[in-house]
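A.B. asks: input.pdb (PDB, C-alpha atoms) pasted underneath:
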ATOM      1  CA  MET X   1      37.015 -25.482 -21.031
ATOM      2  CA  ALA X   2      40.386 -26.085 -19.400
ATOM      3  CA  LEU X   3      41.613 -29.503 -18.513
ATOM      4  CA  GLY X   4      40.066 -30.838 -15.355
ATOM      5  CA  ASP X   5      38.050 -27.635 -15.181
ATOM      6  CA  ASP X   6      35.116 -28.949 -13.240
ATOM      7  CA  ALA X   7      36.911 -31.945 -11.833
ATOM      8  CA  TYR X   8      35.173 -31.892  -8.482
ATOM      9  CA  GLU X   9      32.607 -29.120  -8.827
ATOM     10  CA  GLU X  10      29.862 -31.729  -8.615
ATOM     11  CA  ASP X  11      30.928 -32.670  -5.093
ATOM     12  CA  PRO X  12      30.860 -29.383  -3.197
ATOM     13  CA  ALA X  13      31.513 -29.110   0.507
ATOM     14  CA  LEU X  14      28.806 -28.913   3.140
ATOM     15  CA  PRO X  15      28.964 -25.958   5.548
ATOM     16  CA  CYS X  16      30.842 -28.237   7.981
ATOM     17  CA  GLY X  17      33.646 -28.711   5.445
ATOM     18  CA  ARG X  18      32.938 -32.296   4.429
ATOM     19  CA  THR X  19      31.947 -33.122   0.878
ATOM     20  CA  LEU X  20      28.882 -35.248   0.239
ATOM     21  CA  SER X  21      30.937 -38.179  -0.956
ATOM     22  CA  GLU X  22      33.085 -37.973   2.203
ATOM     23  CA  VAL X  23      29.928 -38.009   4.320
ATOM     24  CA  TRP X  24      28.766 -41.104   2.475
ATOM     25  CA  GLU X  25      32.094 -42.917   2.701
ATOM     26  CA  LYS X  26      32.467 -42.128   6.409
ATOM     27  CA  ALA X  27      28.962 -43.421   7.078
ATOM     28  CA  GLU X  28      29.834 -46.718   5.419
ATOM     29  CA  GLU X  29      33.314 -47.088   6.925
ATOM     30  CA  THR X  30      32.761 -45.693  10.432
ATOM     31  CA  PRO X  31      29.051 -45.771  11.300
ATOM     32  CA  ASP X  32      29.718 -44.318  14.793
ATOM     33  CA  ASP X  33      31.818 -41.396  13.518
ATOM     34  CA  PRO X  34      31.433 -38.695  16.238
ATOM     35  CA  HIS X  35      31.485 -35.753  13.808
ATOM     36  CA  ALA X  36      28.654 -37.103  11.656
ATOM     37  CA  ALA X  37      26.589 -38.025  14.728
ATOM     38  CA  GLY X  38      26.651 -34.442  16.002
ATOM     39  CA  CYS X  39      26.685 -32.518  12.721
ATOM     40  CA  PRO X  40      23.289 -31.307  11.423
ATOM     41  CA  HIS X  41      24.628 -30.872   7.889
ATOM     42  CA  CYS X  42      25.981 -34.427   7.705
ATOM     43  CA  GLN X  43      22.791 -35.760   9.259
ATOM     44  CA  GLU X  44      20.603 -34.028   6.676
ATOM     45  CA  ALA X  45      22.799 -35.270   3.829
ATOM     46  CA  LEU X  46      22.612 -38.835   5.170
ATOM     47  CA  THR X  47      18.844 -38.559   5.541
ATOM     48  CA  ARG X  48      18.547 -37.584   1.892
ATOM     49  CA  LEU X  49      20.723 -40.456   0.798
ATOM     50  CA  GLY X  50      18.521 -42.751   2.851
ATOM     51  CA  VAL X  51      15.396 -41.306   1.249
ATOM     52  CA  LEU X  52      16.762 -42.052  -2.201
ATOM     53  CA  ASP X  53      17.719 -45.578  -1.184
ATOM     54  CA  ASP X  54      14.236 -46.144   0.271
ATOM     55  CA  TYR X  55      12.587 -44.671  -2.793
ATOM     56  CA  VAL X  56      14.352 -47.050  -5.150
ATOM     57  CA  ARG X  57      13.541 -50.058  -2.977
ATOM     58  CA  GLU X  58       9.925 -48.976  -2.709
ATOM     59  CA  ALA X  59       9.587 -48.420  -6.462
ATOM     60  CA  ARG X  60      11.017 -51.855  -7.096
ATOM     61  CA  ASP X  61       8.966 -53.574  -4.380
ATOM     62  CA  SER X  62       5.704 -52.077  -5.622
ATOM     63  CA  THR X  63       6.081 -54.031  -8.857
ATOM     64  CA  ALA X  64       7.170 -57.236  -7.133
ATOM     65  CA  ASP X  65       5.757 -60.532  -8.282
ATOM     66  CA  GLU X  66       4.978 -62.552  -5.164
ATOM     67  CA  ALA X  67       5.635 -65.836  -6.939
ATOM     68  CA  ALA X  68       9.210 -64.807  -7.542
ATOM     69  CA  GLU X  69       9.843 -63.103  -4.214
ATOM     70  CA  ALA X  70      13.339 -64.414  -3.646
ATOM     71  CA  ALA X  71      14.513 -63.623  -7.159
ATOM     72  CA  ASP X  72      12.856 -60.255  -6.807
ATOM     73  CA  ALA X  73      14.710 -59.412  -3.611
ATOM     74  CA  ALA X  74      17.939 -60.019  -5.497
ATOM     75  CA  ALA X  75      16.686 -57.890  -8.382
ATOM     76  CA  THR X  76      15.821 -55.102  -5.918
ATOM     77  CA  GLU X  77      19.332 -55.255  -4.513
ATOM     78  CA  ARG X  78      20.791 -55.040  -8.007
ATOM     79  CA  LEU X  79      18.577 -52.128  -9.014
ATOM     80  CA  THR X  80      19.313 -50.269  -5.791
ATOM     81  CA  ALA X  81      23.018 -50.859  -6.299
ATOM     82  CA  ARG X  82      22.784 -49.515  -9.845
ATOM     83  CA  VAL X  83      20.997 -46.329  -8.802
ATOM     84  CA  MET X  84      23.364 -45.711  -5.921
ATOM     85  CA  ASP X  85      26.255 -46.379  -8.315
ATOM     86  CA  LEU X  86      24.825 -43.725 -10.610
ATOM     87  CA  VAL X  87      24.692 -41.234  -7.737
ATOM     88  CA  ARG X  88      28.298 -42.040  -6.815
ATOM     89  CA  THR X  89      29.325 -41.499 -10.427
ATOM     90  CA  GLU X  90      27.718 -38.063 -10.311
ATOM     91  CA  LEU X  91      29.265 -37.134  -6.992
ATOM     92  CA  ARG X  92      32.741 -38.453  -7.830
ATOM     93  CA  PRO X  93      33.299 -38.012 -11.563
ATOM     94  CA  GLY X  94      37.064 -37.714 -11.168
ATOM     95  CA  ARG X  95      39.054 -35.575 -13.579
ATOM     96  CA  THR X  96      37.612 -34.515 -16.904
ATOM     97  CA  LEU X  97      39.737 -36.039 -19.681
ATOM     98  CA  PRO X  98      39.871 -34.963 -23.334
ATOM     99  CA  LEU X  99      38.244 -37.166 -25.972
ATOM    100  CA  GLY X 100      39.345 -36.613 -29.568
ATOM    101  CA  GLU X 101      41.067 -33.445 -30.733
ATOM    102  CA  PRO X 102      40.958 -30.101 -28.884
ATOM    103  CA  ALA X 103      38.650 -28.681 -31.584
ATOM    104  CA  ASP X 104      36.138 -31.448 -30.827
ATOM    105  CA  ASP X 105      35.365 -30.012 -27.375
ATOM    106  CA  VAL X 106      34.256 -33.452 -26.207
ATOM    107  CA  TRP X 107      35.327 -34.929 -22.881
ATOM    108  CA  ILE X 108      34.941 -37.979 -20.685
ATOM    109  CA  THR X 109      35.049 -38.237 -16.926
ATOM    110  CA  GLU X 110      37.678 -40.422 -15.351
ATOM    111  CA  ALA X 111      34.875 -42.449 -13.725
ATOM    112  CA  ALA X 112      33.297 -43.273 -17.109
ATOM    113  CA  ALA X 113      36.625 -44.205 -18.732
ATOM    114  CA  ALA X 114      37.566 -46.332 -15.728
ATOM    115  CA  LYS X 115      34.241 -48.145 -15.960
ATOM    116  CA  ALA X 116      35.028 -49.150 -19.567
ATOM    117  CA  PHE X 117      38.502 -50.346 -18.591
ATOM    118  CA  ARG X 118      37.299 -52.330 -15.584
ATOM    119  CA  ALA X 119      34.597 -53.988 -17.680
ATOM    120  CA  ALA X 120      37.201 -54.868 -20.336
ATOM    121  CA  ALA X 121      39.483 -56.510 -17.760
ATOM    122  CA  GLU X 122      36.541 -58.458 -16.333
ATOM    123  CA  THR X 123      35.825 -60.074 -19.699
ATOM    124  CA  LEU X 124      38.750 -62.341 -18.739
ATOM    125  CA  PRO X 125      37.714 -65.439 -16.758
ATOM    126  CA  ALA X 126      38.102 -65.195 -12.972
ATOM    127  CA  VAL X 127      39.355 -61.606 -13.115
ATOM    128  CA  TYR X 128      37.807 -58.898 -10.931
ATOM    129  CA  ALA X 129      38.834 -55.269 -11.371
ATOM    130  CA  GLY X 130      39.155 -52.950  -8.386
ATOM    131  CA  SER X 131      40.494 -49.412  -8.234
ATOM    132  CA  CYS X 132      41.207 -47.901 -11.662
ATOM    133  CA  ARG X 133      42.821 -44.491 -12.156
ATOM    134  CA  VAL X 134      43.216 -42.785 -15.500
ATOM    135  CA  ALA X 135      45.753 -39.969 -15.817
ATOM    136  CA  LEU X 136      47.092 -37.773 -18.592
ATOM    137  CA  THR X 137      50.800 -37.766 -19.420
ATOM    138  CA  ALA X 138      50.374 -34.426 -21.269
ATOM    139  CA  PRO X 139      47.461 -31.951 -21.418
ATOM    140  CA  GLU X 140      46.031 -33.544 -24.562
ATOM    141  CA  GLY X 141      47.071 -37.104 -23.811
ATOM    142  CA  PRO X 142      48.008 -39.881 -24.140
ATOM    143  CA  MET X 143      46.676 -41.450 -20.969
ATOM    144  CA  THR X 144      48.002 -43.958 -18.519
ATOM    145  CA  VAL X 145      45.804 -46.463 -16.727
ATOM    146  CA  SER X 146      46.566 -47.920 -13.284
ATOM    147  CA  MET X 147      44.340 -50.809 -12.309
ATOM    148  CA  GLU X 148      44.156 -53.212  -9.395
ATOM    149  CA  VAL X 149      42.832 -56.690 -10.094
ATOM    150  CA  GLU X 150      41.988 -59.829  -8.178
ATOM    151  CA  ALA X 151      42.253 -63.071 -10.100
ATOM    152  CA  GLY X 152      41.758 -66.799  -9.812
ATOM    153  CA  LEU X 153      44.687 -69.091  -9.067
ATOM    154  CA  ARG X 154      44.466 -70.491 -12.594
ATOM    155  CA  TRP X 155      46.384 -67.456 -13.866
ATOM    156  CA  GLU X 156      50.122 -67.162 -14.380
ATOM    157  CA  LEU X 157      50.794 -63.624 -13.182
ATOM    158  CA  PRO X 158      52.809 -62.277 -16.167
ATOM    159  CA  GLU X 159      50.225 -63.732 -18.544
ATOM    160  CA  LEU X 160      47.398 -62.205 -16.509
ATOM    161  CA  ALA X 161      49.021 -58.748 -16.548
ATOM    162  CA  GLU X 162      49.586 -58.962 -20.302
ATOM    163  CA  GLN X 163      46.010 -60.051 -21.002
ATOM    164  CA  VAL X 164      44.600 -57.229 -18.860
ATOM    165  CA  ARG X 165      46.797 -54.717 -20.714
ATOM    166  CA  ARG X 166      45.550 -55.991 -24.065
ATOM    167  CA  ARG X 167      41.892 -55.780 -23.041
ATOM    168  CA  VAL X 168      42.318 -52.281 -21.623
ATOM    169  CA  ARG X 169      44.119 -51.031 -24.740
ATOM    170  CA  ALA X 170      41.428 -52.558 -26.961
ATOM    171  CA  ALA X 171      38.674 -50.902 -24.876
ATOM    172  CA  ALA X 172      40.506 -47.562 -25.001
ATOM    173  CA  ASP X 173      40.442 -47.732 -28.786
ATOM    174  CA  GLU X 174      37.102 -49.428 -29.464
ATOM    175  CA  ALA X 175      34.836 -48.444 -26.556
ATOM    176  CA  VAL X 176      36.171 -45.035 -25.531
ATOM    177  CA  GLY X 177      38.252 -43.515 -28.330
ATOM    178  CA  VAL X 178      41.425 -42.480 -26.482
ATOM    179  CA  THR X 179      45.084 -43.456 -26.739
ATOM    180  CA  VAL X 180      46.537 -45.251 -23.745
ATOM    181  CA  SER X 181      50.329 -45.225 -23.598
ATOM    182  CA  ALA X 182      50.774 -47.454 -20.540
ATOM    183  CA  VAL X 183      48.662 -49.806 -18.454
ATOM    184  CA  ASP X 184      49.961 -50.459 -14.957
ATOM    185  CA  VAL X 185      48.397 -53.648 -13.558
ATOM    186  CA  ARG X 186      48.651 -54.435  -9.823
ATOM    187  CA  ILE X 187      47.486 -57.889  -8.811
ATOM    188  CA  VAL X 188      46.256 -57.321  -5.279
ATOM    189  CA  ASP X 189      44.758 -60.706  -4.461
ATOM    190  CA  LEU X 190      44.548 -64.258  -5.734
ATOM    191  CA  ILE X 191      41.287 -66.061  -5.326
ATOM    192  CA  ASP X 192      40.901 -69.779  -4.778
ATOM    193  CA  GLU X 193      38.077 -70.475  -7.179
ATOM    194  CA  SER X 194      36.931 -73.417  -5.055
ATOM    195  CA  GLY X 195      35.791 -70.702  -2.630
ATOM    196  CA  GLU X 196      38.647 -70.924  -0.120
ATOM    197  CA  GLU X 197      41.334 -68.304   0.432
ATOM    198  CA  PRO X 198      44.800 -69.550  -0.572
ATOM    199  CA  ALA X 199      47.175 -70.178   2.346
TER     200      ALA X 199
ATOM    201  CA  MET U   1      18.578  -9.034 -38.741
ATOM    202  CA  SER U   2      15.991  -6.249 -38.938
ATOM    203  CA  GLY U   3      15.513  -3.677 -36.246
ATOM    204  CA  ALA U   4      12.164  -5.199 -35.354
ATOM    205  CA  GLN U   5      13.726  -8.622 -34.974
ATOM    206  CA  GLN U   6      16.488  -7.197 -32.791
ATOM    207  CA  ALA U   7      13.912  -5.538 -30.611
ATOM    208  CA  GLU U   8      12.022  -8.814 -30.347
ATOM    209  CA  GLY U   9      15.290 -10.566 -29.496
ATOM    210  CA  ARG U  10      16.003  -8.168 -26.683
ATOM    211  CA  GLY U  11      12.446  -8.709 -25.502
ATOM    212  CA  ARG U  12      13.131 -12.339 -24.796
ATOM    213  CA  THR U  13      14.809 -12.638 -21.431
ATOM    214  CA  ASP U  14      17.951 -14.640 -20.840
ATOM    215  CA  ARG U  15      15.916 -16.875 -18.598
ATOM    216  CA  GLU U  16      13.454 -17.739 -21.383
ATOM    217  CA  LEU U  17      16.230 -18.168 -23.906
ATOM    218  CA  ARG U  18      18.116 -20.425 -21.528
ATOM    219  CA  ALA U  19      15.059 -22.645 -21.115
ATOM    220  CA  LEU U  20      14.515 -22.837 -24.894
ATOM    221  CA  LEU U  21      18.154 -23.610 -25.640
ATOM    222  CA  GLN U  22      18.265 -26.303 -22.977
ATOM    223  CA  ARG U  23      15.119 -27.995 -24.279
ATOM    224  CA  THR U  24      16.295 -27.880 -27.909
ATOM    225  CA  ALA U  25      19.700 -29.280 -26.958
ATOM    226  CA  ALA U  26      18.245 -31.969 -24.698
ATOM    227  CA  ASP U  27      15.896 -33.236 -27.413
ATOM    228  CA  ALA U  28      18.688 -33.342 -30.005
ATOM    229  CA  ALA U  29      21.122 -35.079 -27.637
ATOM    230  CA  ARG U  30      18.589 -37.628 -26.376
ATOM    231  CA  ASN U  31      17.725 -38.673 -29.931
ATOM    232  CA  THR U  32      21.326 -39.187 -31.027
ATOM    233  CA  PRO U  33      22.098 -42.906 -31.522
ATOM    234  CA  GLY U  34      24.300 -44.307 -28.768
ATOM    235  CA  VAL U  35      23.064 -41.929 -26.057
ATOM    236  CA  ALA U  36      21.746 -43.964 -23.116
ATOM    237  CA  TYR U  37      20.466 -40.989 -21.105
ATOM    238  CA  LEU U  38      21.275 -37.429 -20.170
ATOM    239  CA  ARG U  39      22.787 -37.186 -16.718
ATOM    240  CA  PRO U  40      19.735 -37.237 -14.454
ATOM    241  CA  GLY U  41      21.125 -35.045 -11.699
ATOM    242  CA  LEU U  42      20.543 -37.533  -8.887
ATOM    243  CA  GLY U  43      23.502 -35.876  -7.235
ATOM    244  CA  ASP U  44      21.353 -32.742  -6.856
ATOM    245  CA  LEU U  45      18.694 -34.804  -5.137
ATOM    246  CA  VAL U  46      21.046 -35.900  -2.389
ATOM    247  CA  ARG U  47      22.888 -32.614  -1.968
ATOM    248  CA  GLY U  48      20.634 -31.469   0.862
ATOM    249  CA  THR U  49      21.796 -28.174   2.290
ATOM    250  CA  VAL U  50      24.435 -27.619  -0.396
ATOM    251  CA  PRO U  51      23.518 -24.548  -2.454
ATOM    252  CA  LEU U  52      22.874 -25.505  -6.043
ATOM    253  CA  LEU U  53      24.932 -23.846  -8.767
ATOM    254  CA  ALA U  54      21.824 -22.427 -10.386
ATOM    255  CA  ALA U  55      19.325 -20.337  -8.460
ATOM    256  CA  ALA U  56      16.208 -22.252  -7.510
ATOM    257  CA  ASP U  57      14.013 -20.389  -9.974
ATOM    258  CA  GLU U  58      16.262 -20.970 -12.972
ATOM    259  CA  PRO U  59      15.023 -23.425 -15.580
ATOM    260  CA  ARG U  60      16.746 -26.777 -15.182
ATOM    261  CA  VAL U  61      16.901 -29.584 -17.725
ATOM    262  CA  ALA U  62      18.632 -32.827 -16.749
ATOM    263  CA  GLY U  63      22.057 -33.114 -18.343
ATOM    264  CA  VAL U  64      22.055 -29.742 -20.111
ATOM    265  CA  ARG U  65      23.204 -26.343 -18.897
ATOM    266  CA  ALA U  66      23.033 -23.216 -21.036
ATOM    267  CA  GLU U  67      25.088 -20.211 -19.960
ATOM    268  CA  PRO U  68      25.344 -16.794 -21.578
ATOM    269  CA  ASP U  69      28.941 -15.981 -22.514
ATOM    270  CA  ASP U  70      30.580 -12.640 -21.769
ATOM    271  CA  GLU U  71      29.538 -11.082 -25.065
ATOM    272  CA  PRO U  72      25.842 -10.461 -25.772
ATOM    273  CA  GLY U  73      24.257 -13.143 -27.951
ATOM    274  CA  ARG U  74      26.983 -15.714 -27.290
ATOM    275  CA  TRP U  75      25.912 -18.843 -25.430
ATOM    276  CA  ARG U  76      27.622 -21.960 -24.171
ATOM    277  CA  LEU U  77      25.843 -25.297 -23.813
ATOM    278  CA  ARG U  78      27.313 -27.962 -21.555
ATOM    279  CA  ILE U  79      25.885 -31.429 -22.076
ATOM    280  CA  HIS U  80      26.514 -34.377 -19.750
ATOM    281  CA  LEU U  81      25.399 -37.828 -20.853
ATOM    282  CA  ALA U  82      25.831 -41.570 -20.578
ATOM    283  CA  VAL U  83      26.835 -43.596 -23.644
ATOM    284  CA  ARG U  84      25.188 -46.928 -24.332
ATOM    285  CA  ARG U  85      27.550 -49.908 -24.266
ATOM    286  CA  GLY U  86      28.476 -51.132 -27.709
ATOM    287  CA  HIS U  87      28.888 -47.550 -28.921
ATOM    288  CA  ARG U  88      32.219 -45.711 -28.964
ATOM    289  CA  ALA U  89      32.174 -42.800 -26.513
ATOM    290  CA  LEU U  90      34.167 -40.486 -28.813
ATOM    291  CA  ASP U  91      31.911 -41.097 -31.812
ATOM    292  CA  VAL U  92      28.731 -40.600 -29.789
ATOM    293  CA  ALA U  93      30.023 -37.412 -28.144
ATOM    294  CA  ARG U  94      31.033 -35.962 -31.515
ATOM    295  CA  ALA U  95      27.657 -36.908 -33.009
ATOM    296  CA  VAL U  96      25.791 -35.280 -30.100
ATOM    297  CA  ARG U  97      27.770 -32.088 -30.534
ATOM    298  CA  ALA U  98      26.974 -31.997 -34.259
ATOM    299  CA  GLU U  99      23.281 -32.781 -33.696
ATOM    300  CA  VAL U 100      22.907 -30.133 -31.007
ATOM    301  CA  LEU U 101      24.639 -27.466 -33.087
ATOM    302  CA  ALA U 102      22.459 -28.339 -36.083
ATOM    303  CA  ALA U 103      19.246 -28.358 -34.029
ATOM    304  CA  VAL U 104      20.000 -25.009 -32.429
ATOM    305  CA  ARG U 105      20.972 -23.496 -35.785
ATOM    306  CA  ARG U 106      17.722 -24.762 -37.313
ATOM    307  CA  ALA U 107      15.647 -23.313 -34.513
ATOM    308  CA  TYR U 108      17.575 -20.074 -34.065
ATOM    309  CA  ALA U 109      18.638 -19.263 -37.616
ATOM    310  CA  PRO U 110      17.574 -15.772 -38.741
ATOM    311  CA  GLU U 111      14.779 -17.282 -40.830
ATOM    312  CA  GLY U 112      13.898 -19.842 -38.152
ATOM    313  CA  PRO U 113      11.143 -19.610 -35.572
ATOM    314  CA  GLU U 114      13.416 -18.897 -32.575
ATOM    315  CA  HIS U 115      16.171 -16.617 -33.842
ATOM    316  CA  HIS U 116      15.935 -14.364 -30.831
ATOM    317  CA  GLY U 117      19.232 -13.222 -29.540
ATOM    318  CA  VAL U 118      21.515 -16.201 -30.243
ATOM    319  CA  ALA U 119      24.461 -14.951 -32.291
ATOM    320  CA  ALA U 120      26.977 -17.695 -31.530
ATOM    321  CA  LEU U 121      26.982 -20.988 -29.723
ATOM    322  CA  ALA U 122      29.675 -23.194 -28.212
ATOM    323  CA  VAL U 123      28.811 -26.775 -27.284
ATOM    324  CA  THR U 124      30.796 -28.890 -24.829
ATOM    325  CA  VAL U 125      29.891 -32.568 -24.472
ATOM    326  CA  THR U 126      31.092 -34.656 -21.531
ATOM    327  CA  VAL U 127      30.545 -38.412 -21.255
ATOM    328  CA  THR U 128      29.881 -39.043 -17.568
ATOM    329  CA  ASP U 129      28.896 -42.704 -17.621
ATOM    330  CA  LEU U 130      28.645 -45.827 -19.749
ATOM    331  CA  ALA U 131      25.351 -47.691 -19.425
TER     332      ALA U 131
END
Could you render the structure as structure tokens?
C.D. replies:
Amino acid sequence: MALGDDAYEEDPALPCGRTLSEVWEKAEETPDDPHAAGCPHCQEALTRLGVLDDYVREARDSTADEAAEAADAAATERLTARVMDLVRTELRPGRTLPLGEPADDVWITEAAAAKAFRAAAETLPAVYAGSCRVALTAPEGPMTVSMEVEAGLRWELPELAEQVRRRVRAAADEAVGVTVSAVDVRIVDLIDESGEEPA
Amino acid sequence: MSGAQQAEGRGRTDRELRALLQRTAADAARNTPGVAYLRPGLGDLVRGTVPLLAAADEPRVAGVRAEPDDEPGRWRLRIHLAVRRGHRALDVARAVRAEVLAAVRRAYAPEGPEHHGVAALAVTVTVTDLA
């Protein structure tokens, strides 16, 4: 298996040229997109996504405890989000990255590695990870990680960046099993933890 | 391998062998510690009009694909799985590969019950999610 061999094979194009994940993203970003409205292929794909969404909600609702209806609605939202997240992970796995030595023939998708790195960054208080890209500096590694984070105003920025780097490196070693040569941290927003946006 | 066994091996179609290999591999992978689940293929469910990679009548097992290689008797297994949090992805992937190879060898060894037509096997494991 060559590097990045099946990078996007899981997200093939519809006959109209759009990939499933593009159809999904467009539907979320521009609900009145004229192409999707008139395209039978996009419409069928969106219908199927809707069916899955409905199915998960229905499955969750059918076991609902009426006494805990409000808590249950939140649980339904969480479960639905998890299933849809799983579908996204399948549709957009990103590049396939090598784990271990070439003889191992074991791999990890960029989406799975990024999930470990985002979770590691979010173990820090008032830190929320956004986009995370993982790239190879050479065909067999090491890797570089580029992550965007939002953080509470309590943080000094250089300290925040250093702490995120440490957590990501630790996760690379302990949770994934890859060598990360550089972690590029972009702080994209500061959050007023009292709930108000800073001026 | 005796002539009779070879004949029996040829008698088993690639389709049947594919189904057997996929089931054996799936069971071995699923039971490896640290595996959360084999990739369920929800992406297939939402693909709609997109033609699937495998023909509709081909045996499908979630998270496992068996493909005959160019040479007769050589097969490749591709396994996609999610690793449970708290386990190291590399260690789990290596363990799955070893377990699958061992399980297939046990089942398909010349003296085993399902030796038919598997001369060599390559196993590729890809971690697609952390759960």
A.B. asks: Evaluate the PyMOL selection byres ((chain U) within 6 of (chain X)) here and jot the selected residues down as a ChimeraX atom specification.
C.D. replies: /U:42-43,46,48,50,88-90,124-130
A.B. asks: Spell out the residues picked by the PyMOL selection byres ((chain U and resi 84) around 8) here, as a list in words.
C.D. replies: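 When the PyMOL selection byres ((chain U and resi 84) around 8) is applied, the selected residues are Gly34, Val35, Ala36, Ala82, Val83, Arg85, Gly86, His87, Leu130 and Ala131 of chain U.
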A.B. asks: For this file, the PyMOL selection byres ((chain U and resi 68) around 10) selects which residues, as a PyMOL selection string?
C.D. replies: chain U and resi 14-15+17-18+66-67+69-77+118+121
A.B. asks: U:His80, U:Arg39, U:Arg23, U:Arg65: which is nearest U:Val96, counting all atoms listed in the file?
C.D. replies: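 Looking at the shortest contact to U:Val96, the residue is U:His80.
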A.B. asks: As JSON, please report the centre and edge lengths, rounded to one decimal in Å, of the axis-aligned box that holds all listed atoms of stretch 81-84 of chain U with 4 Å of padding on each of the six sides.
C.D. replies:
{"center_x": 26.0, "center_y": -42.4, "center_z": -22.5, "size_x": 9.6, "size_y": 17.1, "size_z": 11.8}
A.B. asks: Work out how far atom CA of X:Arg165 is from atom CA of X:Leu153, in Å to one decimal.
C.D. replies: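 About the pair atom CA of X:Leu153 and atom CA of X:Arg165: they are 18.6 Å apart.
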A.B. asks: Kindly give the distance, in Å, that separates atom CA of X:Glu28 and atom CA of X:Glu122, rounded to a single decimal.
C.D. replies: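 Atom CA of X:Glu28 sits 25.6 Å away from atom CA of X:Glu122.
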A.B. asks: Go ahead and compute the interatomic distance for atom CA of X:Ala71 and atom CA of X:Thr123, in Å to one decimal.
C.D. replies: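 Atom-to-atom, atom CA of X:Ala71 to atom CA of X:Thr123, that is 25.0 Å.
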A.B. asks: Can you pull out every residue within 9 Å of U:Pro40, counting all atoms listed in the file, but drop anything in the same chain fewer than 4 positions away, and send it as a list of chain:residue names?
C.D. replies: U:Asp44, U:Val61, U:Ala62, U:Gly63, U:Leu81
